[in-house]
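> Quick one: structure below, then a few questions.
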Amino acid sequence: DDARGLCEVIDNWSDNTLFPPVMFMTIPDLLDASSDEALKENRQKLIGLTTAQMRQRLPLSRDQLRTYCSMIDSQLAGRDFFLGKVFTVADASLYHPFFFLGLNPNNLAALDEFRNLKRWYERVRDIN
């Protein structure tokens, strides 16, 4: 209860700042692997970019994600969860983009250099 506002800020940041580079790194391969042309057209229209345009953003997206991962990794040093010892909405909000990133195992390798983040990701992933 004492971190509700902070959790809402983290949720907003996760959806609107952390998720876009993850999306540009993940969606093109998912759409290219699909044989459903209507799905491809719908997703590209929703996002407002073609898969080719999303791929053009890959270098910037990777740089942005690396910066965000570094920030999150620092916060997680010596902690079980993002705000301390207890799982909160902040953890759920931050987990979602990394879950999506993991839809392409090659992308998830981006976490390897961030020991605290990777440990946290696995801890949250394994919650039943």
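To be explicit about the labels: the chains of the structure tokens are called A, B, and onward in the order shown, and within each one the residues are counted from 1, while ligands get numbers from 1 in the order they are shown.
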Quick one: residues within 12 Å of stretch 27-40 of chain A, only C-alpha atoms, excluding same-chain residues fewer than 4 positions away - as a list in words?
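Skipping anything fewer than 4 positions along the chain leaves Phe19, Pro20, Pro21, Val22, Met23, Gln44, Lys45, Leu46, Ile47, Gly48, Leu49, Thr50, Thr51, Ala52, Gln53, Met54, Arg55, Gln56, Arg57, Leu58, Phe100, Leu101, Gly102, Leu103, Asn104, Pro105, Asn106 and Asn107 of chain A.
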> Determine, counting only C-alpha atoms, which protein, DNA and RNA residues have an atom within 12 Å of an atom of stretch 68-79 of chain A; residues of the same chain fewer than 4 positions away are not included. Present the result as a PyMOL selection string.
chain A and resi 10+13-14+17-22+61-64+83-87+90-91+94-95+97-98+108+110-121+123
> Can you measure atom CA of A:Leu6 to atom CA of A:Val124 for me? One decimal in Å is fine.
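Distance reported for this atom pair: 19.1 Å.
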> To one decimal place in Å, what is the distance between atom CA of A:Arg4 and atom CA of A:Thr67?
25.2 Å
> Mind pulling up the distance from atom CA of A:Asp80 to atom CA of A:Ala109?
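So the answer is 21.1 Å.
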> Apply DSSP to the structure's backbone, then extract all residues of chain A labelled alpha helix (DSSP H) and return them as a PyMOL selection string.
chain A and resi 4-13+19-33+37-47+51-56+58-76+89-101+105-108+115-125
